[in-house]
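K.L.:
One file is attached below, start_10.cif, containing mmCIF, C-alpha atoms.
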data_my_file
loop_
_atom_site.label_atom_id
_atom_site.label_comp_id
_atom_site.auth_asym_id
_atom_site.auth_seq_id
_atom_site.Cartn_x
_atom_site.Cartn_y
_atom_site.Cartn_z
CA MET X 16 -0.05 129.38 88.22
CA ARG X 17 2.34 131.65 90.11
CA THR X 18 -0.18 134.49 89.89
CA TRP X 19 -2.90 132.38 91.48
CA MET X 20 -0.54 131.15 94.18
CA ALA X 21 0.41 134.75 94.96
CA PHE X 22 -3.27 135.74 95.10
CA ALA X 23 -4.02 132.87 97.48
CA ALA X 24 -1.02 133.79 99.63
CA ILE X 25 -2.23 137.39 99.90
CA LEU X 26 -5.66 136.20 101.02
CA VAL X 27 -4.10 133.93 103.64
CA VAL X 28 -1.49 136.35 104.98
CA ALA X 29 -3.59 139.55 104.98
CA PRO X 30 -5.38 138.94 108.34
CA LEU X 31 -2.05 137.99 109.91
CA VAL X 32 -0.57 141.35 108.94
CA PHE X 33 -3.68 143.39 109.75
CA GLY X 34 -4.85 141.56 112.83
CA SER X 35 -7.38 143.89 114.45
CA ASN X 36 -11.08 143.03 114.23
CA LEU X 37 -11.74 146.24 112.27
CA SER X 38 -9.01 145.42 109.75
CA ILE X 39 -10.26 141.87 109.31
CA ASN X 40 -13.79 143.19 108.77
CA LEU X 41 -12.50 145.59 106.10
CA LEU X 42 -10.57 142.77 104.43
CA GLY X 43 -13.78 140.74 104.31
CA GLN X 44 -15.60 143.68 102.74
CA MET X 45 -12.83 143.99 100.15
CA CYS X 46 -13.21 140.34 99.20
CA ILE X 47 -16.97 140.74 98.80
CA ALA X 48 -16.50 143.90 96.72
CA ILE X 49 -13.97 142.10 94.50
CA VAL X 50 -16.45 139.32 93.73
CA ALA X 51 -19.26 141.82 93.11
CA CYS X 52 -17.19 144.05 90.80
CA LEU X 53 -15.82 141.09 88.85
CA SER X 54 -19.34 139.72 88.40
CA TYR X 55 -20.42 143.12 87.11
CA ASN X 56 -17.48 143.19 84.73
CA ILE X 57 -18.80 140.04 83.03
CA LEU X 58 -21.52 142.35 81.77
CA LEU X 59 -19.58 145.58 81.27
CA GLY X 60 -16.04 144.60 80.34
CA GLN X 61 -16.58 141.18 78.79
CA GLY X 62 -19.98 141.71 77.20
CA GLY X 63 -20.20 145.47 76.66
CA MET X 64 -23.50 145.60 78.58
CA LEU X 65 -23.83 148.77 80.66
CA SER X 66 -26.08 147.84 83.57
CA PHE X 67 -27.50 150.29 86.10
CA GLY X 68 -29.16 147.58 88.19
CA HIS X 69 -26.52 145.00 89.05
CA ALA X 70 -27.15 145.43 92.78
CA VAL X 71 -30.52 143.75 92.23
CA PHE X 72 -28.85 140.36 91.90
CA SER X 73 -26.29 140.71 94.67
CA GLY X 74 -28.98 142.23 96.89
CA LEU X 75 -31.64 139.59 96.21
CA GLY X 76 -28.99 136.92 96.67
CA ALA X 77 -28.22 138.49 100.05
CA TYR X 78 -31.91 138.40 101.02
CA MET X 79 -32.18 134.75 100.00
CA ALA X 80 -29.05 133.94 101.99
CA ILE X 81 -30.15 135.69 105.17
CA HIS X 82 -33.58 134.03 105.05
CA ALA X 83 -31.81 130.69 104.64
CA LEU X 84 -29.57 131.53 107.59
CA ASN X 85 -32.63 132.23 109.74
CA MET X 86 -34.15 128.93 108.62
CA VAL X 87 -30.95 127.14 109.63
CA GLY X 88 -31.19 128.79 113.03
CA ASP X 89 -34.81 127.64 113.38
CA GLY X 90 -33.92 124.09 112.38
CA GLN X 91 -35.96 124.25 109.16
CA LEU X 92 -33.01 123.97 106.75
CA PRO X 93 -30.41 121.27 107.48
CA ILE X 94 -27.35 122.80 105.80
CA PRO X 95 -24.10 124.12 107.33
CA VAL X 96 -23.50 127.83 107.59
CA SER X 97 -20.56 127.50 105.21
CA LEU X 98 -23.00 126.77 102.35
CA ILE X 99 -25.14 129.86 102.89
CA PRO X 100 -23.24 131.83 100.18
CA LEU X 101 -24.27 129.15 97.68
CA VAL X 102 -27.90 129.86 98.56
CA GLY X 103 -27.21 133.49 97.69
CA ALA X 104 -25.54 132.37 94.45
CA LEU X 105 -28.56 130.28 93.44
CA GLY X 106 -30.85 133.17 94.35
CA GLY X 107 -28.85 135.60 92.22
CA MET X 108 -28.80 133.14 89.34
CA PHE X 109 -32.56 132.55 89.58
CA PHE X 110 -33.44 136.24 89.48
CA ALA X 111 -30.89 136.85 86.72
CA ALA X 112 -32.51 134.11 84.65
CA LEU X 113 -35.96 135.54 85.37
CA LEU X 114 -35.25 139.22 84.78
CA GLY X 115 -32.55 138.71 82.17
CA TYR X 116 -35.01 136.98 79.85
CA VAL X 117 -36.58 140.39 79.31
CA THR X 118 -33.51 142.57 79.78
CA VAL X 119 -31.14 141.09 77.19
CA ARG X 120 -33.66 141.39 74.35
CA LYS X 121 -32.18 144.85 73.86
CA SER X 122 -28.59 146.06 73.83
CA GLY X 123 -26.82 149.38 74.19
CA THR X 124 -28.80 152.28 75.64
CA PRO X 125 -32.16 150.42 75.78
CA PHE X 126 -30.48 147.65 77.81
CA ALA X 127 -29.08 150.22 80.23
CA MET X 128 -32.47 151.90 80.65
CA ILE X 129 -34.22 148.56 81.23
CA THR X 130 -31.74 147.62 83.96
CA LEU X 131 -32.23 151.03 85.55
CA GLY X 132 -36.00 150.53 85.53
CA ILE X 133 -35.74 147.03 86.99
CA GLY X 134 -33.43 148.32 89.71
CA GLU X 135 -35.87 151.04 90.69
CA LEU X 136 -38.75 148.55 90.57
CA VAL X 137 -37.03 146.11 92.91
CA PHE X 138 -36.02 148.91 95.28
CA ALA X 139 -39.63 150.12 95.44
CA MET X 140 -40.79 146.57 96.09
CA SER X 141 -38.29 146.26 98.95
CA LEU X 142 -40.21 148.96 100.82
CA MET X 143 -43.63 147.53 99.94
CA PHE X 144 -43.25 143.81 100.71
CA ALA X 145 -42.05 143.81 104.28
CA GLY X 146 -42.62 140.07 104.65
CA PHE X 147 -39.64 139.28 102.44
CA PHE X 148 -37.57 142.47 102.56
CA GLY X 149 -38.19 143.45 106.17
CA GLY X 150 -39.23 147.01 105.34
CA GLU X 151 -36.91 149.86 106.28
CA ALA X 152 -35.46 147.88 109.19
CA GLY X 153 -34.36 145.03 106.94
CA ILE X 154 -33.74 141.42 107.93
CA SER X 155 -31.29 140.51 110.69
CA SER X 156 -29.81 137.15 111.61
CA ASP X 157 -27.09 135.38 113.57
CA ARG X 158 -24.41 133.42 111.75
CA VAL X 159 -23.43 131.42 114.84
CA VAL X 160 -26.03 128.67 114.47
CA GLY X 161 -25.95 124.91 114.17
CA GLU X 162 -23.29 122.56 115.48
CA PRO X 163 -19.65 123.72 115.24
CA PHE X 164 -17.48 121.77 112.78
CA LEU X 165 -14.03 121.07 114.23
CA GLY X 166 -14.62 123.95 116.62
CA ILE X 167 -15.39 126.39 113.78
CA THR X 168 -18.47 128.51 114.49
CA PHE X 169 -17.72 131.46 112.17
CA GLY X 170 -18.35 133.72 115.13
CA PRO X 171 -14.78 135.09 115.42
CA PRO X 172 -13.96 137.56 112.61
CA ARG X 173 -10.86 135.60 111.54
CA GLN X 174 -12.83 132.37 111.02
CA LEU X 175 -15.43 134.18 108.94
CA TYR X 176 -12.75 135.99 106.94
CA TYR X 177 -11.13 132.74 105.82
CA LEU X 178 -14.52 131.41 104.70
CA ILE X 179 -15.02 134.60 102.70
CA ALA X 180 -11.47 134.31 101.33
CA ILE X 181 -12.10 130.74 100.12
CA TYR X 182 -15.27 131.79 98.30
CA THR X 183 -13.46 134.83 96.90
CA PHE X 184 -10.59 132.77 95.52
CA LEU X 185 -12.90 130.18 93.98
CA SER X 186 -15.18 132.87 92.53
CA VAL X 187 -12.32 134.85 91.00
CA LEU X 188 -10.86 131.64 89.55
CA GLY X 189 -14.28 130.61 88.24
CA MET X 190 -14.87 133.96 86.55
CA TYR X 191 -11.40 133.89 84.99
CA LEU X 192 -12.02 130.39 83.64
CA PHE X 193 -15.36 131.60 82.27
CA THR X 194 -13.52 134.22 80.19
CA GLN X 195 -11.46 131.41 78.64
CA THR X 196 -14.45 129.27 77.64
CA PRO X 197 -16.02 129.36 74.16
CA LEU X 198 -19.00 131.20 75.67
CA GLY X 199 -16.68 133.81 77.17
CA ARG X 200 -14.87 134.28 73.86
CA VAL X 201 -18.12 134.59 71.91
CA LEU X 202 -19.32 137.09 74.51
CA ASN X 203 -16.27 139.24 73.69
CA ALA X 204 -17.17 138.95 70.01
CA VAL X 205 -20.74 140.05 70.76
CA ARG X 206 -19.33 143.04 72.61
CA ASP X 207 -17.16 144.02 69.65
CA ASN X 208 -19.58 143.31 66.78
CA ALA X 209 -22.87 141.54 67.46
CA GLU X 210 -23.91 141.66 63.82
CA ARG X 211 -20.89 139.67 62.67
CA VAL X 212 -21.51 137.13 65.41
CA GLU X 213 -25.01 136.65 64.05
CA PHE X 214 -23.58 136.15 60.54
CA ILE X 215 -21.42 133.22 61.66
CA GLY X 216 -24.36 131.45 63.27
CA TYR X 217 -24.44 132.51 66.93
CA ASN X 218 -27.47 134.00 68.63
CA ALA X 219 -26.16 137.20 70.24
CA GLU X 220 -29.21 137.55 72.47
CA ARG X 221 -28.78 134.03 73.82
CA VAL X 222 -25.07 134.62 74.46
CA ARG X 223 -25.89 137.77 76.45
CA TYR X 224 -28.58 135.89 78.36
CA PHE X 225 -26.23 133.10 79.46
CA ALA X 226 -23.60 135.66 80.45
CA PHE X 227 -26.27 137.55 82.41
CA ILE X 228 -27.08 134.38 84.36
CA VAL X 229 -23.41 133.69 85.09
CA SER X 230 -22.98 137.27 86.29
CA GLY X 231 -26.05 136.93 88.52
CA PHE X 232 -24.67 133.72 90.04
CA PHE X 233 -21.41 135.32 91.16
CA ALA X 234 -23.21 138.49 92.26
CA GLY X 235 -25.33 136.23 94.46
CA VAL X 236 -22.15 134.78 95.98
CA ALA X 237 -21.13 138.31 96.99
CA GLY X 238 -24.59 138.89 98.44
CA GLY X 239 -24.48 135.65 100.44
CA LEU X 240 -21.08 136.53 101.86
CA ALA X 241 -22.37 139.98 102.81
CA ALA X 242 -25.28 138.37 104.66
CA LEU X 243 -22.82 136.37 106.78
CA LEU X 244 -20.49 139.31 107.39
CA PHE X 245 -23.03 141.97 108.34
CA GLU X 246 -25.85 139.74 109.66
CA LEU X 247 -28.22 142.48 108.50
CA ILE X 248 -29.62 143.14 105.02
CA THR X 249 -31.57 146.31 104.27
CA ALA X 250 -33.17 147.81 101.16
CA GLU X 251 -29.95 149.73 100.47
CA VAL X 252 -28.36 146.58 99.00
CA VAL X 253 -30.72 146.69 95.99
CA GLY X 254 -30.65 150.46 95.60
CA ALA X 255 -29.33 152.56 92.74
CA GLY X 256 -26.47 153.80 94.90
CA ARG X 257 -25.02 150.31 95.24
CA SER X 258 -25.40 149.65 91.50
CA GLY X 259 -23.71 152.95 90.76
CA ALA X 260 -20.83 152.04 93.08
CA TYR X 261 -20.27 148.77 91.21
CA LEU X 262 -20.19 150.65 87.91
CA LEU X 263 -17.94 153.43 89.15
CA PHE X 264 -15.32 151.28 90.85
CA THR X 265 -15.27 148.66 88.10
CA PHE X 266 -14.51 151.46 85.67
CA LEU X 267 -11.89 153.04 87.94
CA GLY X 268 -10.13 149.71 88.38
CA GLY X 269 -10.23 148.98 84.67
CA ALA X 270 -13.05 147.17 82.92
CA THR X 271 -10.89 146.15 79.96
CA VAL X 272 -8.44 144.10 82.06
CA PHE X 273 -9.51 141.07 84.10
CA PHE X 274 -7.77 142.14 87.32
CA GLY X 275 -9.06 145.72 87.00
CA PRO X 276 -12.26 145.13 89.03
CA ILE X 277 -10.10 143.58 91.77
CA ILE X 278 -8.38 146.93 92.13
CA GLY X 279 -11.78 148.60 91.95
CA GLY X 280 -13.19 146.41 94.72
CA VAL X 281 -10.31 147.29 97.04
CA LEU X 282 -10.72 151.00 96.27
CA MET X 283 -14.47 150.73 96.88
CA VAL X 284 -13.94 149.70 100.49
CA LEU X 285 -10.96 151.97 101.16
CA MET X 286 -12.75 155.07 99.90
CA SER X 287 -16.05 154.36 101.62
CA ALA X 288 -14.47 153.31 104.93
CA LEU X 289 -11.30 155.37 105.22
CA LEU X 290 -11.84 158.43 103.03
CA SER X 291 -15.23 159.00 104.62
CA GLU X 292 -13.49 159.19 108.00
CA TRP X 293 -11.05 161.80 106.72
CA THR X 294 -13.52 164.22 105.17
CA SER X 295 -17.23 164.85 104.84
CA ALA X 296 -16.70 165.67 101.17
CA TRP X 297 -15.53 162.18 100.24
CA LEU X 298 -18.33 161.66 97.72
CA LEU X 299 -17.31 164.85 95.94
CA TYR X 300 -13.70 163.66 95.79
CA LEU X 301 -14.92 160.34 94.44
CA GLY X 302 -16.92 162.06 91.71
CA LEU X 303 -13.99 164.28 90.74
CA THR X 304 -11.71 161.23 90.61
CA PHE X 305 -14.16 159.52 88.28
CA VAL X 306 -14.29 162.56 85.97
CA PHE X 307 -10.49 162.79 85.96
CA MET X 308 -10.14 159.10 85.07
CA VAL X 309 -12.68 159.37 82.25
CA MET X 310 -10.81 162.34 80.81
CA TYR X 311 -7.22 161.17 81.12
CA VAL X 312 -7.12 157.43 81.89
CA PRO X 313 -10.29 155.98 80.31
CA GLY X 314 -8.96 152.43 80.53
CA GLY X 315 -8.72 152.58 84.31
CA ILE X 316 -5.84 151.90 86.67
CA ALA X 317 -5.28 148.35 85.40
CA SER X 318 -4.84 149.45 81.78
CA LEU X 319 -2.27 152.02 82.88
CA ILE X 320 -0.38 149.31 84.76
CA VAL X 321 -0.43 147.02 81.73
CA MET X 322 0.87 149.75 79.45
CA LEU X 323 3.67 150.66 81.88
CA VAL X 324 4.67 146.99 82.09
CA GLN X 325 4.83 146.82 78.28
CA VAL X 326 6.96 149.96 78.16
CA THR X 327 9.29 148.60 80.85
CA ARG X 328 9.74 145.28 79.05
CA ALA X 329 10.53 147.13 75.82
CA GLY X 330 13.21 149.15 77.62
CA TYR X 331 11.64 152.59 77.19
CA MET X 332 10.79 153.34 80.83
CA GLY X 333 13.72 155.74 80.96
CA ARG X 334 11.92 157.96 78.44
CA ILE X 335 8.42 157.58 79.87
CA GLY X 336 9.35 157.84 83.56
CA PRO X 337 10.43 161.51 83.89
CA PRO X 338 7.45 163.10 82.08
CA LEU X 339 5.11 160.69 83.86
CA LEU X 340 6.46 161.73 87.27
CA LEU X 341 6.23 165.40 86.29
CA THR X 342 2.60 164.92 85.25
CA ALA X 343 1.76 163.11 88.48
CA ALA X 344 3.45 165.82 90.55
CA GLY X 345 1.47 168.54 88.79
CA GLY X 346 -1.73 166.61 89.40
CA VAL X 347 -0.92 166.29 93.11
CA VAL X 348 -0.30 170.04 93.43
CA ALA X 349 -3.57 170.83 91.63
CA PHE X 350 -5.41 168.35 93.85
CA LEU X 351 -4.05 169.95 97.02
CA GLY X 352 -5.23 173.38 95.92
CA ALA X 353 -8.67 172.11 94.94
CA ALA X 354 -8.99 170.05 98.13
CA ALA X 355 -8.17 173.08 100.28
CA MET X 356 -10.99 175.05 98.64
CA ILE X 357 -13.40 172.11 98.94
CA GLU X 358 -12.66 171.70 102.64
CA MET X 359 -13.23 175.41 103.26
CA VAL X 360 -16.54 175.31 101.39
CA TYR X 361 -17.71 172.33 103.43
CA HIS X 362 -16.57 174.00 106.63
CA LEU X 363 -18.58 177.13 105.84
CA GLN X 364 -21.65 175.03 105.10
CA LEU X 365 -21.48 172.53 107.94
CA ALA X 366 -19.25 173.77 110.78
CA THR X 367 -19.32 177.56 110.95
CA VAL X 368 -20.28 177.45 114.64
CA MET X 369 -16.77 176.15 115.35
CA GLY X 370 -15.14 179.22 113.81
CA ASP X 371 -13.50 179.68 110.44
CA GLU X 372 -10.34 177.67 111.09
CA VAL X 373 -9.78 174.62 108.90
CA LYS X 374 -6.75 172.41 109.43
CA PHE X 375 -5.68 170.93 106.10
CA MET X 376 -2.51 168.88 105.58
CA GLY X 377 -0.97 170.42 108.69
CA ILE X 378 -1.74 173.99 107.56
CA MET X 379 -4.32 176.17 109.29
CA LEU X 380 -6.65 177.84 106.80
CA HIS X 381 -9.29 180.46 107.55
CA ALA X 382 -12.44 179.89 105.55
CA LYS X 383 -13.67 183.48 106.00
CA GLN X 384 -10.41 185.17 105.05
CA ALA X 385 -9.61 186.04 101.44
CA MET X 386 -5.92 185.21 101.79
CA SER X 387 -6.63 181.49 102.37
CA TRP X 388 -8.81 181.37 99.26
CA VAL X 389 -6.23 183.22 97.17
CA MET X 390 -3.45 180.88 98.30
CA ALA X 391 -5.54 177.78 97.57
CA GLY X 392 -6.56 179.18 94.18
CA VAL X 393 -2.98 180.01 93.23
CA VAL X 394 -1.82 176.52 94.19
CA PHE X 395 -4.63 174.98 92.15
CA LEU X 396 -3.93 177.11 89.05
CA MET X 397 -0.18 176.51 89.28
CA GLY X 398 -0.79 172.77 89.61
CA MET X 399 -3.15 172.70 86.64
CA GLY X 400 -0.71 174.62 84.48
CA TRP X 401 2.11 172.32 85.55
CA PHE X 402 -0.05 169.26 84.94
CA GLU X 403 -1.16 170.34 81.47
CA TRP X 404 2.38 171.25 80.37
CA ALA X 405 3.77 167.92 81.61
CA ARG X 406 0.81 165.98 80.18
CA ARG X 407 1.46 167.30 76.69
CA ARG X 408 5.11 166.30 76.92
CA LEU X 409 4.10 162.88 78.22
CA THR X 410 1.57 162.42 75.39
CA ALA X 411 4.17 163.18 72.73
CA VAL X 412 6.74 160.82 74.26
CA TRP X 413 4.08 158.15 74.87
CA HIS X 414 2.95 158.14 71.22
CA ASP X 415 6.54 157.99 69.99
CA VAL X 416 7.42 155.09 72.29
CA HIS X 417 4.34 153.07 71.41
CA ALA X 418 4.97 153.63 67.71
CA LYS X 419 8.43 152.15 68.16
CA ILE X 420 7.07 149.22 70.19
CA GLU X 421 4.47 148.51 67.51
CA ALA X 422 7.08 148.75 64.75
CA ALA X 423 9.34 146.30 66.61
CA ALA X 424 6.43 143.89 67.07
CA ASN X 425 5.56 144.06 63.37
CA ALA X 426 9.19 143.46 62.47
CA ARG X 427 9.27 140.35 64.66
CA LEU X 428 6.10 139.06 63.04
CA GLY X 429 7.55 139.72 59.60
CA GLY X 430 10.76 137.89 60.49
CA ALA X 431 8.82 134.93 61.86
CA ALA X 432 6.80 134.71 58.64
#
As structure tokens, how would this structure be written, given the file I've shared?

P.N.:
Amino acid sequence: MRTWMAFAAILVVAPLVFGSNLSINLLGQMCIAIVACLSYNILLGQGGMLSFGHAVFSGLGAYMAIHALNMVGDGQLPIPVSLIPLVGALGGMFFAALLGYVTVRKSGTPFAMITLGIGELVFAMSLMFAGFFGGEAGISSDRVVGEPFLGITFGPPRQLYYLIAIYTFLSVLGMYLFTQTPLGRVLNAVRDNAERVEFIGYNAERVRYFAFIVSGFFAGVAGGLAALLFELITAEVVGAGRSGAYLLFTFLGGATVFFGPIIGGVLMVLMSALLSEWTSAWLLYLGLTFVFMVMYVPGGIASLIVMLVQVTRAGYMGRIGPPLLLTAAGGVVAFLGAAAMIEMVYHLQLATVMGDEVKFMGIMLHAKQAMSWVMAGVVFLMGMGWFEWARRRLTAVWHDVHAKIEAAANARLGGAA
């Protein structure tokens, strides 16, 4: 209960701390990304279904929502603007039920390939059927329609943010409760061993299908909220890039822990909005971060947090802390060296008319001078050597500590028996 109260408090206080219109807009985007990533994690983390087309359901939900918003503005649909996200949710659920009937007949790699094909099919259709998708220009709308309720028009960014926050809180709570239901538990069993689930009398395909529909419903909520926030929906929302972003940031946040996609959703907005302002190579940095996480922290940020909490509670943080800090420091040094070389490469490719000077972290580099490249390369190699040496020490200490924690847990279980 305290966790949910803290989550609600953060949603309420955030726009009071970051009060500019730009900040409130970014907070709204974070909420939408959180709902979208959590809905994707019903498939990936809870059900073990790797989907390459999840944006289809959030995107089609967004199209349904923006068409409904235009109908409200024309007086054809007598519902308040505050219910528009539910239209998106029903749209996402409908298309998930329709397309999932075919998709979930397979699992593993065939499932992933089918979702990829469906995603490409829907994206192609978005450029062909301009009547529904609006062509390349998309569909625009105005959320300030209908009669205000208690003076609330959802025109001001703060009013809209709190509507998004309410839907975000309810959606996150709903998805958490879903994981605690019998269907959610059986879905975990299907993920771990579908054959055994079949042996005890459950239909694994039907379980995946119901989970697919639930995922589509919450993805549609995210799409409906996006329709209200941006007031413009284009074909990009059903594209492979958006589906890939959901996959990447859900994994980075931690697909094996419920709150992992929440971290991923926040990172999704921060990297796309802030990192893109800092450097033109932000997509390259994002890709390198993903590779690094796959290699060294495959459980994502959330799993690392959970493990550190367990170590702290067991009283072993004093042993883990120093090698962990050394490893992180080595990684930072290696990153600075690599980033300096990346920035010089991008400068040579995109901005040579402005000279060879590149300002990086307060240091002036010269992209056409060998000394700058040598310095950046030395820093990178030193950082990598430092990182690898510290990582091996950390791995040895980590295994020893977790062996002791496991032994203590087994001893407690033996004493209780």

K.L.:
Neighbours of Val50 (chain X) within 9 Å (only C-alpha atoms; same-chain residues fewer than 4 positions away dropped), as a VMD selection string?

P.N.:
chain X and resid 45 to 46 54 to 55 182 to 184 186 to 187 233 to 234 236 to 237 276 to 277 280

K.L.:
Could you jot down the CA of Arg158 (chain X) to CA of Gly76 (chain X) separation for me, Å, one decimal place?

P.N.:
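We find that CA of Arg158 (chain X) and CA of Gly76 (chain X) lie 16.1 Å from each other.
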
K.L.:
Taking the file as shown, what set of residues would the PyMOL selection byres ((chain X and resi 42) around 10) give back, as a PyMOL selection string?

P.N.:
chain X and resi 26+29-30+33+36-41+43-48+176+179-180+281+284-285

K.L.:
Those residues you just picked out, can you put them in a file as a short mmCIF file (atom, residue, chain, number, x, y, z; two decimals), in the frame of the given file with C-alpha atoms?

P.N.:
data_model
loop_
_atom_site.label_atom_id
_atom_site.label_comp_id
_atom_site.auth_asym_id
_atom_site.auth_seq_id
_atom_site.Cartn_x
_atom_site.Cartn_y
_atom_site.Cartn_z
CA LEU X 26 -5.66 136.20 101.02
CA ALA X 29 -3.59 139.55 104.98
CA PRO X 30 -5.38 138.94 108.34
CA PHE X 33 -3.68 143.39 109.75
CA ASN X 36 -11.08 143.03 114.23
CA LEU X 37 -11.74 146.24 112.27
CA SER X 38 -9.01 145.42 109.75
CA ILE X 39 -10.26 141.87 109.31
CA ASN X 40 -13.79 143.19 108.77
CA LEU X 41 -12.50 145.59 106.10
CA GLY X 43 -13.78 140.74 104.31
CA GLN X 44 -15.60 143.68 102.74
CA MET X 45 -12.83 143.99 100.15
CA CYS X 46 -13.21 140.34 99.20
CA ILE X 47 -16.97 140.74 98.80
CA ALA X 48 -16.50 143.90 96.72
CA TYR X 176 -12.75 135.99 106.94
CA ILE X 179 -15.02 134.60 102.70
CA ALA X 180 -11.47 134.31 101.33
CA VAL X 281 -10.31 147.29 97.04
CA VAL X 284 -13.94 149.70 100.49
CA LEU X 285 -10.96 151.97 101.16
#

K.L.:
Take the PyMOL selection byres ((chain X and resi 220-225) around 7), apply it to the structure above, and return the hits as a ChimeraX atom specification.

P.N.:
/X:115-116,119-120,202,218-219,226-229

K.L.:
What does the structure give for the distance between CA of Gly74 (chain X) and CA of Phe126 (chain X), in Å to one decimal?

P.N.:
19.9 Å

K.L.:
Take CA of Ser73 (chain X) and CA of Gly302 (chain X) and report the distance between them in Å, one decimal.

P.N.:
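Atom-to-atom, CA of Ser73 (chain X) to CA of Gly302 (chain X), that is 23.5 Å.
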
K.L.:
Could you name the residues that touch region 368-383 of chain X at 8 Å or less, counting all atoms listed in the file, but leaving out those on the same chain fewer than 6 positions away, as a CSV table (one decimal) with C-alpha atoms, in the frame of the given file?

P.N.:
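Produced file part05.csv, reproduced below:
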chain,number,residue,atom,x,y,z
X,355,ALA,CA,-8.2,173.1,100.3
X,358,GLU,CA,-12.7,171.7,102.6
X,359,MET,CA,-13.2,175.4,103.3
X,360,VAL,CA,-16.5,175.3,101.4
X,362,HIS,CA,-16.6,174.0,106.6

K.L.:
Which one of X:Tyr78, X:Ala24, X:Thr118, X:Ala349 sits closest to Ala391 (chain X) if you count all atoms listed in the file?

P.N.:
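For Ala391 (chain X), the nearest of the given residues is X:Ala349.
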
K.L.:
Using all atoms listed in the file, pick whichever of X:Leu247, X:Tyr177, X:Met140, X:Gly235 has the shortest atom-to-atom distance to Gly106 (chain X).

P.N.:
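Using all atoms listed in the file, Gly106 (chain X) sits closest to X:Gly235.
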
K.L.:
Kindly indicate which residue among X:Phe274, X:Phe138, X:Trp388, X:Trp404 lies nearest to Ser258 (chain X), using only C-alpha atoms for the distances.

P.N.:
X:Phe138

K.L.:
Residue by residue, what does the PyMOL selection byres ((chain X and resi 162) around 12) grab here? Present the result as a PyMOL selection string.

P.N.:
chain X and resi 87-88+90+93-97+158-161+163-169

K.L.:
Name the closest residue to Asn203 (chain X) among the candidates X:Ile335, X:Leu319, X:Leu31, X:Met64; distances are taken between atoms, counting all atoms listed in the file.

P.N.:
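Ranking X:Ile335, X:Leu319, X:Leu31, X:Met64 by distance to Asn203 (chain X), first place goes to X:Met64.
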
K.L.:
Restricting the calculation to all atoms listed in the file: of X:Ala411, X:Leu396, X:Met390, X:Val416, which residue gets closest to Tyr331 (chain X)?

P.N.:
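Using all atoms listed in the file, the shortest distance to Tyr331 (chain X) belongs to X:Val416.
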
K.L.:
Considering only C-alpha atoms, can you say which of X:Met356, X:Val71, X:Ile99, X:Trp293 comes closest to Gly239 (chain X)?

P.N.:
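Distance minimum relative to Gly239 (chain X) lands on X:Ile99.
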
K.L.:
Let me have the centre and edge lengths of the axis-aligned box enclosing all listed atoms of region 89-105 of chain X with 4 Å padding on every side, in Å to one decimal, as lines of an AutoDock Vina configuration file.

P.N.:
center_x = -28.3
center_y = 127.4
center_z = 103.4
size_x = 23.4
size_y = 20.2
size_z = 27.9

K.L.:
If we count only C-alpha atoms and set the cut-off at 12 Å, which residues sit around Leu303 (chain X), ignoring sequence neighbours fewer than 3 positions away in its own chain? Please answer as a PyMOL selection string.

P.N.:
chain X and resi 263+267+296-300+306-310+350+353-354+357

K.L.:
Which residues come within 8 Å of Ala83 (chain X), counting only C-alpha atoms, excluding same-chain residues fewer than 3 positions away, as JSON, numbers by chain?

P.N.:
{"X": [79, 80, 86, 87, 92, 99, 102]}
